[in-house]
Each structure stands twice: as C-alpha cells, then as structure tokens.
>>> print(open('work_9.cif').read())   # mmCIF, C-alpha atoms
data_upload
loop_
_atom_site.label_atom_id
_atom_site.label_comp_id
_atom_site.auth_asym_id
_atom_site.auth_seq_id
_atom_site.Cartn_x
_atom_site.Cartn_y
_atom_site.Cartn_z
CA MET A 6 73.63 66.98 108.73
CA SER A 7 70.62 64.94 107.77
CA GLU A 8 69.39 64.63 104.22
CA MET A 9 66.79 66.79 102.51
CA SER A 10 63.40 65.80 101.07
CA LYS A 11 62.80 63.56 98.06
CA ILE A 12 62.13 66.39 95.60
CA VAL A 13 65.51 68.02 96.30
CA ARG A 14 67.35 64.71 95.97
CA THR A 15 65.72 63.85 92.63
CA LEU A 16 66.38 67.26 91.11
CA SER A 17 70.03 67.30 92.17
CA ASN A 18 70.44 63.85 90.59
CA VAL A 19 69.13 65.26 87.30
CA ILE A 20 71.21 68.47 87.27
CA PHE A 21 74.55 67.04 88.48
CA PRO A 22 75.82 65.61 85.10
CA PHE A 23 75.16 68.91 83.33
CA ILE A 24 77.18 70.88 85.85
CA MET A 25 80.08 68.43 85.59
CA ILE A 26 80.05 68.57 81.78
CA PHE A 27 80.08 72.38 81.89
CA GLY A 28 83.02 72.43 84.30
CA LEU A 29 85.02 69.89 82.24
CA TYR A 30 84.32 71.91 79.07
CA ILE A 31 85.80 75.02 80.68
CA ILE A 32 88.88 73.04 81.77
CA ALA A 33 89.44 71.34 78.41
CA HIS A 34 89.14 74.47 76.23
CA GLY A 35 91.50 76.57 78.33
CA HIS A 36 93.81 77.43 75.45
CA LEU A 37 91.07 78.72 73.12
CA THR A 38 88.47 80.53 75.22
CA PRO A 39 88.64 82.35 78.59
CA GLY A 40 88.93 79.84 81.40
CA GLY A 41 91.46 77.21 82.26
CA GLY A 42 92.28 74.94 85.15
CA PHE A 43 91.35 77.03 88.19
CA GLN A 44 88.05 78.41 86.93
CA GLY A 45 86.72 75.08 85.62
CA GLY A 46 87.80 73.32 88.79
CA ALA A 47 85.83 75.79 90.91
CA VAL A 48 82.66 75.23 88.83
CA ALA A 49 82.89 71.42 89.09
CA ALA A 50 83.63 71.58 92.83
CA SER A 51 80.49 73.63 93.42
CA GLY A 52 78.52 70.88 91.67
CA CYS A 53 79.98 68.35 94.11
CA ALA A 54 79.13 70.64 97.04
CA MET A 55 75.50 70.61 95.87
CA LEU A 56 75.54 66.81 96.34
CA VAL A 57 76.87 67.19 99.89
CA VAL A 58 74.03 69.56 100.75
CA ALA A 59 71.31 67.36 99.18
CA TYR A 60 72.32 63.99 100.60
CA GLY A 61 73.59 64.94 104.05
CA SER A 62 77.25 65.03 105.03
CA THR A 63 77.09 61.93 107.27
CA TRP A 64 76.06 59.62 104.41
CA VAL A 65 78.53 61.09 101.90
CA PHE A 66 81.40 60.91 104.40
CA GLU A 67 80.84 57.19 104.94
CA LYS A 68 80.67 56.48 101.22
CA ILE A 69 83.75 58.46 100.19
CA LYS A 70 86.73 58.26 102.51
CA ALA A 71 88.85 61.37 102.83
CA SER A 72 92.10 59.47 102.31
CA ARG A 73 91.06 58.45 98.80
CA LEU A 74 90.31 62.06 97.88
CA SER A 75 93.70 63.14 99.24
CA ALA A 76 95.39 60.60 96.96
CA PHE A 77 93.39 62.03 94.04
CA GLU A 78 94.71 65.50 94.80
CA SER A 79 98.30 64.28 95.05
CA ILE A 80 98.02 62.73 91.58
CA GLY A 81 97.11 66.15 90.19
CA ALA A 82 100.03 67.88 91.87
CA LEU A 83 102.52 65.20 90.76
CA GLY A 84 101.23 65.43 87.17
CA PHE A 85 101.85 69.19 87.11
CA ILE A 86 105.42 68.87 88.37
CA GLY A 87 106.09 65.84 86.14
CA VAL A 88 105.17 67.79 82.99
CA ALA A 89 107.52 70.58 84.08
CA PHE A 90 110.36 68.11 84.65
CA PHE A 91 109.82 66.57 81.19
CA GLY A 92 110.48 70.04 79.85
CA LEU A 93 113.80 70.06 81.69
CA ILE A 94 114.81 66.68 80.23
CA PHE A 95 113.83 67.35 76.62
CA GLY A 96 114.73 70.99 76.23
CA GLY A 97 117.21 72.80 78.35
CA TRP A 98 115.24 74.61 81.01
CA PHE A 99 112.44 74.05 83.51
CA PHE A 100 108.85 74.47 82.13
CA ASN A 101 110.03 74.19 78.54
CA ASN A 102 107.19 73.88 76.01
CA PHE A 103 108.51 70.77 74.29
CA LEU A 104 105.38 69.82 72.32
CA VAL A 105 104.87 72.91 70.13
CA ARG A 106 106.57 72.04 66.85
CA SER A 107 107.50 68.44 67.58
CA GLY A 108 104.95 66.19 65.89
CA ILE A 109 103.57 64.04 68.68
CA ILE A 110 100.26 65.33 69.93
CA PHE A 111 99.53 69.05 70.33
CA ASN A 112 101.77 70.49 67.70
CA ASN A 113 100.04 72.88 65.28
CA VAL A 114 100.80 76.57 65.32
CA PRO A 115 97.91 78.91 64.42
CA ALA A 116 98.58 81.43 61.66
CA THR A 117 99.10 84.95 62.87
CA GLY A 118 95.82 86.80 63.17
CA TYR A 119 93.72 83.86 62.06
CA THR A 120 90.35 84.01 63.75
CA GLY A 121 89.41 80.36 64.05
CA ALA A 122 89.78 77.69 66.73
CA ASP A 123 91.95 74.60 66.37
CA PHE A 124 92.01 72.16 69.28
CA ASN A 125 95.31 70.63 68.23
CA THR A 126 97.43 73.64 69.16
CA ALA A 127 99.26 74.96 72.21
CA GLY A 128 101.86 72.41 73.20
CA VAL A 129 102.00 71.42 76.83
CA LEU A 130 99.20 73.69 78.09
CA PRO A 131 96.17 71.28 77.93
CA LEU A 132 98.04 68.68 80.02
CA MET A 133 98.81 71.28 82.67
CA ASN A 134 95.16 72.40 82.57
CA PHE A 135 93.92 68.89 83.32
CA ALA A 136 96.38 68.37 86.17
CA VAL A 137 95.48 71.64 87.88
CA GLY A 138 91.74 71.03 87.30
CA VAL A 139 91.86 67.63 89.04
CA LYS A 140 93.82 69.15 91.93
CA VAL A 141 91.35 72.00 92.47
CA ILE A 142 88.25 69.74 92.29
CA ALA A 143 89.62 67.29 94.86
CA GLY A 144 90.92 70.03 97.18
CA LEU A 145 87.72 72.08 97.36
CA PHE A 146 85.53 68.95 97.72
CA VAL A 147 87.60 67.74 100.69
CA ILE A 148 87.39 71.13 102.42
CA VAL A 149 83.59 71.34 102.10
CA LEU A 150 83.04 67.71 103.17
CA ILE A 151 85.28 67.81 106.26
CA MET A 152 83.84 71.10 107.54
CA ALA A 153 80.24 69.91 107.05
CA TYR A 154 80.93 66.61 108.80
CA ALA A 155 82.77 68.13 111.76
CA SER A 156 79.95 70.55 112.53
CA SER A 157 77.41 67.74 112.93
CA VAL A 158 79.28 65.50 115.35
CA LYS A 159 78.09 66.07 118.91
CA GLU A 160 81.12 64.98 120.88
CA TRP A 161 84.73 65.34 119.74
CA LYS A 162 87.18 62.80 121.12
CA GLN A 163 89.66 64.34 123.53
CA MET B 29 88.09 114.20 88.58
CA ILE B 30 85.01 112.33 87.37
CA TYR B 31 87.17 109.90 85.44
CA ASN B 32 88.82 108.13 88.39
CA ILE B 33 85.61 106.68 89.85
CA PRO B 34 86.72 102.97 89.79
CA PHE B 35 89.67 103.85 92.04
CA ILE B 36 87.32 105.67 94.46
CA ALA B 37 85.16 102.52 94.50
CA VAL B 38 88.22 100.45 95.45
CA VAL B 39 89.02 102.82 98.35
CA THR B 40 85.39 102.61 99.53
CA MET B 41 85.45 98.80 99.56
CA ILE B 42 88.70 98.69 101.52
CA PHE B 43 87.31 101.09 104.09
CA ILE B 44 84.06 99.16 104.55
CA GLY B 45 86.13 96.04 105.24
CA LEU B 46 88.49 97.89 107.57
CA PHE B 47 85.53 99.28 109.53
CA ALA B 48 84.18 95.74 110.03
CA VAL B 49 87.56 94.46 111.25
CA LEU B 50 88.12 97.28 113.77
CA PHE B 51 84.74 97.94 115.29
CA LYS B 52 82.79 94.67 115.44
CA ARG B 53 82.76 92.13 118.25
CA ASN B 54 81.64 88.88 116.63
CA LEU B 55 84.40 86.71 115.16
CA VAL B 56 82.45 85.78 112.01
CA LYS B 57 81.86 89.44 111.17
CA ILE B 58 85.60 90.11 111.44
CA VAL B 59 86.29 87.30 108.95
CA ILE B 60 83.69 88.74 106.55
CA GLY B 61 85.50 92.10 106.77
CA ILE B 62 88.81 90.47 105.82
CA SER B 63 87.14 88.87 102.79
CA ILE B 64 85.75 92.25 101.67
CA ILE B 65 89.25 93.78 101.86
CA GLU B 66 90.57 90.99 99.61
CA SER B 67 87.80 91.59 97.06
CA GLY B 68 88.68 95.28 96.96
CA VAL B 69 92.34 94.55 96.25
CA ASN B 70 91.42 92.16 93.41
CA LEU B 71 89.24 94.87 91.85
CA PHE B 72 92.15 97.31 92.04
CA LEU B 73 94.44 94.91 90.18
CA ILE B 74 91.98 94.51 87.32
CA THR B 75 91.21 98.21 86.86
CA LEU B 76 94.91 99.04 86.60
CA GLY B 77 95.14 97.43 83.18
CA TYR B 78 92.23 98.85 81.20
CA ARG B 79 92.61 100.51 77.82
CA GLU B 80 89.94 102.79 76.40
CA GLY B 81 87.73 100.86 73.93
CA GLY B 82 89.65 97.60 74.23
CA VAL B 83 88.52 93.99 73.99
CA ALA B 84 89.71 90.83 75.76
CA PRO B 85 93.22 89.69 74.65
CA ILE B 86 92.04 86.52 72.89
CA PHE B 87 92.47 85.84 69.17
CA THR B 88 89.73 83.22 68.72
CA SER B 89 86.84 84.72 66.70
CA ALA B 90 88.07 88.27 67.06
CA PRO B 91 86.74 90.79 64.50
CA ALA B 92 89.10 91.75 61.68
CA ASP B 93 89.82 95.36 62.63
CA VAL B 94 90.76 94.33 66.18
CA VAL B 95 93.41 91.93 64.85
CA LYS B 96 94.80 94.51 62.40
CA ASN B 97 95.93 97.10 64.97
CA ALA B 98 96.73 94.43 67.50
CA PRO B 99 98.38 95.82 70.63
CA GLY B 100 96.49 99.06 70.65
CA SER B 101 92.96 97.70 70.88
CA MET B 102 93.41 94.97 73.47
CA VAL B 103 93.39 95.20 77.24
CA LEU B 104 96.62 94.43 79.17
CA PRO B 105 96.65 90.71 80.08
CA VAL B 106 99.26 90.56 82.85
CA PRO B 107 97.19 92.04 85.76
CA GLN B 108 94.40 89.54 85.03
CA ALA B 109 96.83 86.64 85.46
CA LEU B 110 98.03 88.05 88.80
CA THR B 111 94.41 88.42 89.98
CA LEU B 112 93.80 84.69 89.44
CA THR B 113 96.58 83.81 91.86
CA SER B 114 95.29 86.34 94.38
CA ILE B 115 91.77 84.89 94.36
CA VAL B 116 93.06 81.37 95.07
CA ILE B 117 95.20 82.65 97.95
CA GLY B 118 92.11 84.36 99.41
CA VAL B 119 90.13 81.10 99.31
CA ALA B 120 92.93 79.18 101.07
CA VAL B 121 93.24 81.73 103.90
CA LEU B 122 89.43 81.88 104.36
CA ALA B 123 89.20 78.07 104.71
CA LEU B 124 91.85 78.01 107.45
CA MET B 125 90.30 80.93 109.34
CA LEU B 126 86.85 79.29 109.42
CA SER B 127 88.30 75.98 110.68
CA LEU B 128 90.02 77.78 113.55
CA ILE B 129 86.76 79.58 114.43
CA MET B 130 84.93 76.23 114.68
CA HIS B 131 87.62 74.94 117.03
CA ILE B 132 87.45 78.07 119.21
CA TYR B 133 83.67 77.77 119.51
CA ARG B 134 83.93 74.19 120.76
CA GLN B 135 86.46 75.20 123.38
CA TYR B 136 84.97 78.43 124.77
CA GLY B 137 81.24 78.24 124.03
CA THR B 138 81.02 81.84 122.83
CA LEU B 139 82.15 83.91 119.84
CA ASP B 140 82.65 87.26 121.58
CA VAL B 141 86.15 88.60 121.07
CA ARG B 142 86.31 90.23 124.53
CA LYS B 143 85.72 86.93 126.35
CA ILE B 144 88.35 84.83 124.60
CA ARG B 145 91.37 85.91 126.55
CA ARG B 146 92.45 82.88 128.47
CA LEU B 147 96.01 83.05 127.18
CA ARG B 148 96.76 85.85 129.62
CA GLU B 149 96.08 84.12 132.93
CA MET C 15 82.44 105.45 123.35
CA SER C 16 85.60 104.39 125.15
CA VAL C 17 88.99 106.02 124.65
CA ARG C 18 90.17 103.18 122.44
CA ASN C 19 87.27 103.66 120.03
CA ILE C 20 87.90 107.41 119.69
CA ILE C 21 91.61 106.93 118.93
CA ALA C 22 90.71 104.27 116.34
CA LEU C 23 88.24 106.63 114.68
CA ILE C 24 90.81 109.44 114.41
CA MET C 25 93.41 107.12 112.82
CA PHE C 26 90.68 105.88 110.48
CA THR C 27 89.94 109.37 109.12
CA ILE C 28 93.63 110.21 108.66
CA LEU C 29 94.11 107.00 106.66
CA ALA C 30 90.99 107.75 104.59
CA VAL C 31 92.35 111.18 103.60
CA PHE C 32 95.66 109.62 102.47
CA PHE C 33 93.94 106.89 100.45
CA VAL C 34 91.55 109.24 98.62
CA PHE C 35 94.39 111.63 97.79
CA THR C 36 96.38 108.72 96.31
CA ALA C 37 93.42 107.38 94.31
CA LEU C 38 93.05 110.71 92.51
CA MET C 39 96.72 110.87 91.58
CA ILE C 40 97.11 107.51 89.81
CA HIS C 41 97.05 107.61 86.00
CA PRO C 42 93.64 108.44 84.48
CA PHE C 43 91.40 105.41 84.13
CA GLY C 44 91.78 103.89 80.65
CA ASP C 45 95.19 105.19 79.69
CA PRO C 46 98.13 103.21 81.05
CA LYS C 47 101.34 105.03 80.29
CA VAL C 48 103.82 102.12 80.22
CA SER C 49 102.86 98.87 78.46
CA LYS C 50 105.89 97.51 76.63
CA MET C 51 105.87 94.01 78.18
CA ASP C 52 102.17 93.45 77.45
CA ASP C 53 102.56 94.61 73.83
CA TYR C 54 105.40 92.15 73.31
CA ILE C 55 103.34 89.32 74.81
CA ILE C 56 100.24 90.07 72.68
CA MET C 57 102.23 90.31 69.45
CA ASN C 58 104.35 87.17 69.95
CA THR C 59 101.92 84.74 71.62
CA GLN C 60 100.78 82.84 68.53
CA ASN C 61 104.30 82.58 67.18
CA GLU C 62 106.20 81.28 70.18
CA THR C 63 103.71 79.21 72.13
CA GLY C 64 101.00 78.42 69.59
CA THR C 65 98.11 79.56 71.79
CA ASN C 66 95.17 81.73 70.85
CA SER C 67 94.54 82.99 74.36
CA GLY C 68 96.65 85.68 75.98
CA VAL C 69 95.81 85.12 79.63
CA THR C 70 96.32 81.33 79.79
CA THR C 71 99.79 81.44 78.29
CA ILE C 72 100.86 84.04 80.84
CA VAL C 73 99.58 81.86 83.69
CA PHE C 74 101.15 78.62 82.45
CA ASP C 75 104.01 79.50 80.12
CA TYR C 76 105.56 82.95 80.57
CA ARG C 77 105.02 82.99 84.35
CA GLY C 78 104.58 79.31 85.15
CA PHE C 79 106.64 79.52 88.34
CA ASP C 80 103.96 81.60 90.07
CA THR C 81 101.41 78.88 89.26
CA LEU C 82 103.70 76.35 90.94
CA GLY C 83 103.67 78.47 94.11
CA GLU C 84 99.89 78.80 93.95
CA ALA C 85 99.43 75.03 93.66
CA THR C 86 101.65 74.63 96.72
CA ILE C 87 99.49 77.09 98.69
CA LEU C 88 96.31 75.19 97.78
CA PHE C 89 97.91 71.92 98.88
CA ALA C 90 99.07 73.46 102.18
CA ALA C 91 95.57 74.82 102.92
CA VAL C 92 93.88 71.44 102.33
CA SER C 93 96.41 69.61 104.49
CA GLY C 94 96.02 72.25 107.22
CA VAL C 95 92.24 71.78 107.34
CA LEU C 96 92.62 68.00 107.48
CA MET C 97 95.13 68.33 110.32
CA ILE C 98 92.89 70.59 112.44
CA PHE C 99 90.00 68.09 112.33
CA ARG C 100 92.11 65.01 112.95
CA ARG C 101 90.40 63.83 116.15
CA VAL C 102 86.83 64.09 114.88
CA LYS C 103 86.72 61.05 112.62
CA LYS C 104 85.55 57.90 114.35
#
>>> encode(input="work_9.cif", output="structure tokens")
Amino acid sequence: MSEMSKIVRTLSNVIFPFIMIFGLYIIAHGHLTPGGGFQGGAVAASGCAMLVVAYGSTWVFEKIKASRLSAFESIGALGFIGVAFFGLIFGGWFFNNFLVRSGIIFNNVPATGYTGADFNTAGVLPLMNFAVGVKVIAGLFVIVLIMAYASSVKEWKQ
Amino acid sequence: MIYNIPFIAVVTMIFIGLFAVLFKRNLVKIVIGISIIESGVNLFLITLGYREGGVAPIFTSAPADVVKNAPGSMVLPVPQALTLTSIVIGVAVLALMLSLIMHIYRQYGTLDVRKIRRLRE
Amino acid sequence: MSVRNIIALIMFTILAVFFVFTALMIHPFGDPKVSKMDDYIIMNTQNETGTNSGVTTIVFDYRGFDTLGEATILFAAVSGVLMIFRRVKK
C-alpha cells in the first residue's frame, strides 16, 4: 500500500505516544483495576496498526524486519514460562506465587476490605502481566503487517 | 417469561450467524458469519454469571456497604475469566481463516464457493 | 429454491425451536443457584494472593494453566500466518 497524505501522517505522529502510554498503563495496573496483559496488549497493538495504515505497509516492512519482531514475541513467551518455573524451584509446585510474603519486591498484602490501592502488592502477577503484554503486542503487529504487505505485492514467487 | 431476554438475544445472534454460514455464497460473508457466532457465545458466557444488583468483583475503591456483605453483592468472576480466553481463541482462528482466503483468491481468481471445487477432478 | 435449500430451511426451524425452548428453561436471569466456588474466591483473594482484583487472580493464579494454553494458541496462530506467506518476501 502507498502512504497517505501529509495531514494524516502528522496527526498520527502526534497521537501515537498517547495511545502507547494508555496501553502500557492498562498493562501495568492489572492487579488493581480491570485490565491486565491481554487487554492492554490489544490497545497498544491497535496503535501500531494505525502507523501501518498511515505510512504504507511497503515502507514499514522494509524498516522493521519480521524476524526481529518474532524474536520479540519469543522473549515474552519465555519470560512467562520462566516465571512459572521459578515458582517450581522456590516453592513446591508449578505456578507458585513465591513473592507474596517474601520481602524482595512485590510483597505487601492489602488489609481485608481496605478500599485503597497499593502498587507494591500481588506477588508474581505484574511480571506475568508484562510478559503476556509484550507477547500480544508483537504477535498482533506481525499479523497486521504481513497481511497488509502480502496484499500489495503484484507477483508472488512460485 | 420477560425476565430471560438476554438469553433470547444470545439465541438470535447465533441464528443470524448460522444463517450467514448456510445460505451465502461469498467466502468473506461466511467468515463474518462465523465471527458473529463466536460473539454470541461470548455474550452467553458473561450473562450466565450475573447477580441482581451486583458490582464488579474488585476491591479497589469499593463503597463501604459493598465490602461489608462481600460475596452477596458482587458478580461471579469465573465466567469473565473464561470469556477472555475465548476472545483470544476467536482472534487466532479469524487470522488464519483470512490468510487462507487470500491464498485461495490468488489461485482461483474468484471468491464464489460453487466454483472452487478443483479437488474433485 | 433448490431441494438442498428447502431441506436446510426445515432443519433450521427445528433447531430454532429447540434453542428457544432451552433458553427459557435456564435459571432466571440474575439469580444463579450454585455459587460456592466464586464465594470462596471472592472472600479469600486478598488473604492468599495479595491482589485487589478478582478477575486477574483467576486468570493468572487460580487457573494459570489455562493462560499457558492460550499463550500457546496465540503463538501457533502467528507462526501459521508467517508460514503461509513464506514465498512472498523478496
């Protein structure tokens, strides 16, 4: 696809950081408000798809190679399984929540019925949220980019 | 009988999608029908777990009388978690179906279901 | 209207009657009869896992194995799309 006019490109440059901040906020506060890894990843991936539409898929495909994005997605998947295996080493069973009352990083426990919001709670959940969020952003971006590029090539090699 | 209207809405959505899958000839319209069926099933999962006058099952900034009688005034959280998984599975299946449709169009030149039968000869 | 279309329409109406009859016989909307597992989860979330949110701890802590399967499905879909368009890239 070819690119769009100058007004569309300038406006998408201005709006893109705000969409990414909103998506990362939904991913990071998954243990306090509704949201989490999958929902925030979908919001951020739609911001990246807006860039593909505004700048043309041919130019974006030459700047960002698909193999680098695949490596980005594999890092997210390995992080998710690695956190689960750390639970097996430190506790006794798979997916153990080994950071709740330990003292390292995410260790507070909210009082029962307390209606406030403390970011330092909820054990191993924020790490899993980040891993799944990275995985979903990379996966949906690759799908949109490859399908937009393949529909604009005239001749496929046989 | 007037109080089961969300379940009637689910049945209506499934039947609109099933009508599009059975009686249409374009491949893209069949894929849209499959997506409507998936949306209807997700709606059914959410409306199974509703309690009368309940709020979302989250304790951050909840009002005091909701926290006091805790399990009676909150909506069931387990069907909402199952719906998340179902939505992601729907997206994955839709991406693969659309890629196969693009490949079929390059090969045959048409999207009519009655003309794509070369496997038989 | 060919013969195949008429048979499909008849099966369609029979299925519609069954579905509507079932939808009126499920429990009345807003009054689930059995909810012991959800009551246990709501009461003991802040004590055992230290989370304020009920839905996120079900997705990642009480039923984390289903999330592992869902991540595998997403990975398989992305690799399937990349494999179908393998010959397009120059």
>>> resolve_selection(input="work_9.cif", expression="the PyMOL selection byres ((chain C) within 6 of (chain B))", output="mmCIF file with C-alpha atoms, keeping the file's coordinate frame")
data_model
loop_
_atom_site.group_PDB
_atom_site.id
_atom_site.type_symbol
_atom_site.label_atom_id
_atom_site.label_comp_id
_atom_site.auth_asym_id
_atom_site.auth_seq_id
_atom_site.Cartn_x
_atom_site.Cartn_y
_atom_site.Cartn_z
ATOM 1 C CA ALA C 37 93.420 107.380 94.310
ATOM 2 C CA PHE C 43 91.400 105.410 84.130
ATOM 3 C CA GLY C 44 91.780 103.890 80.650
ATOM 4 C CA ASP C 45 95.190 105.190 79.690
ATOM 5 C CA ASP C 52 102.170 93.450 77.450
ATOM 6 C CA ASP C 53 102.560 94.610 73.830
ATOM 7 C CA ASN C 66 95.170 81.730 70.850
ATOM 8 C CA SER C 67 94.540 82.990 74.360
ATOM 9 C CA GLY C 68 96.650 85.680 75.980
ATOM 10 C CA VAL C 69 95.810 85.120 79.630
ATOM 11 C CA VAL C 73 99.580 81.860 83.690
ATOM 12 C CA ALA C 91 95.570 74.820 102.920
#
>>> atom_distance(input="work_9.cif", atom1="CA of Met152 (chain A)", atom2="CA of Thr63 (chain A)")
11.4 Å
>>> closest_residue(input="work_9.cif", among="A:Phe27, A:Ala71, A:Ala136, A:His36", to="chain C", atoms="all atoms listed in the file")
A:His36
>>> closest_atom_pairs(input="work_9.cif", of="chain A", to="chain C", cutoff="7 Å", atoms="all atoms listed in the file", output="Markdown table")
| residue | atom | partner | partner_atom | distance |
| --- | --- | --- | --- | --- |
| A:Gly35 | CA | C:Thr70 | CA | 6.9 |
| A:His36 | CA | C:Ser67 | CA | 5.7 |
| A:Leu37 | CA | C:Asn66 | CA | 5.6 |
| A:Thr38 | CA | C:Ser67 | CA | 6.6 |
| A:Gly41 | CA | C:Thr70 | CA | 6.8 |
| A:Val105 | CA | C:Thr63 | CA | 6.7 |
| A:Val114 | CA | C:Gly64 | CA | 4.7 |
| A:Pro115 | CA | C:Gly64 | CA | 6.0 |
| A:Thr117 | CA | C:Gln60 | CA | 6.3 |
| A:Thr126 | CA | C:Gly64 | CA | 6.0 |
| A:Ala127 | CA | C:Gly64 | CA | 4.7 |
| A:Leu130 | CA | C:Phe74 | CA | 6.9 |
| A:Gly144 | CA | C:Val92 | CA | 6.1 |
| A:Ile148 | CA | C:Val92 | CA | 6.5 |
| A:Ala155 | CA | C:Val102 | CA | 6.5 |
| A:Trp161 | CA | C:Val102 | CA | 5.4 |
| A:Lys162 | CA | C:Arg101 | CA | 6.0 |
>>> resolve_selection(input="work_9.cif", expression="the PyMOL selection byres ((chain B and resi 59-61) around 7)", output="PyMOL selection string")
chain B and resi 45-46+48-49+55-58+62-65
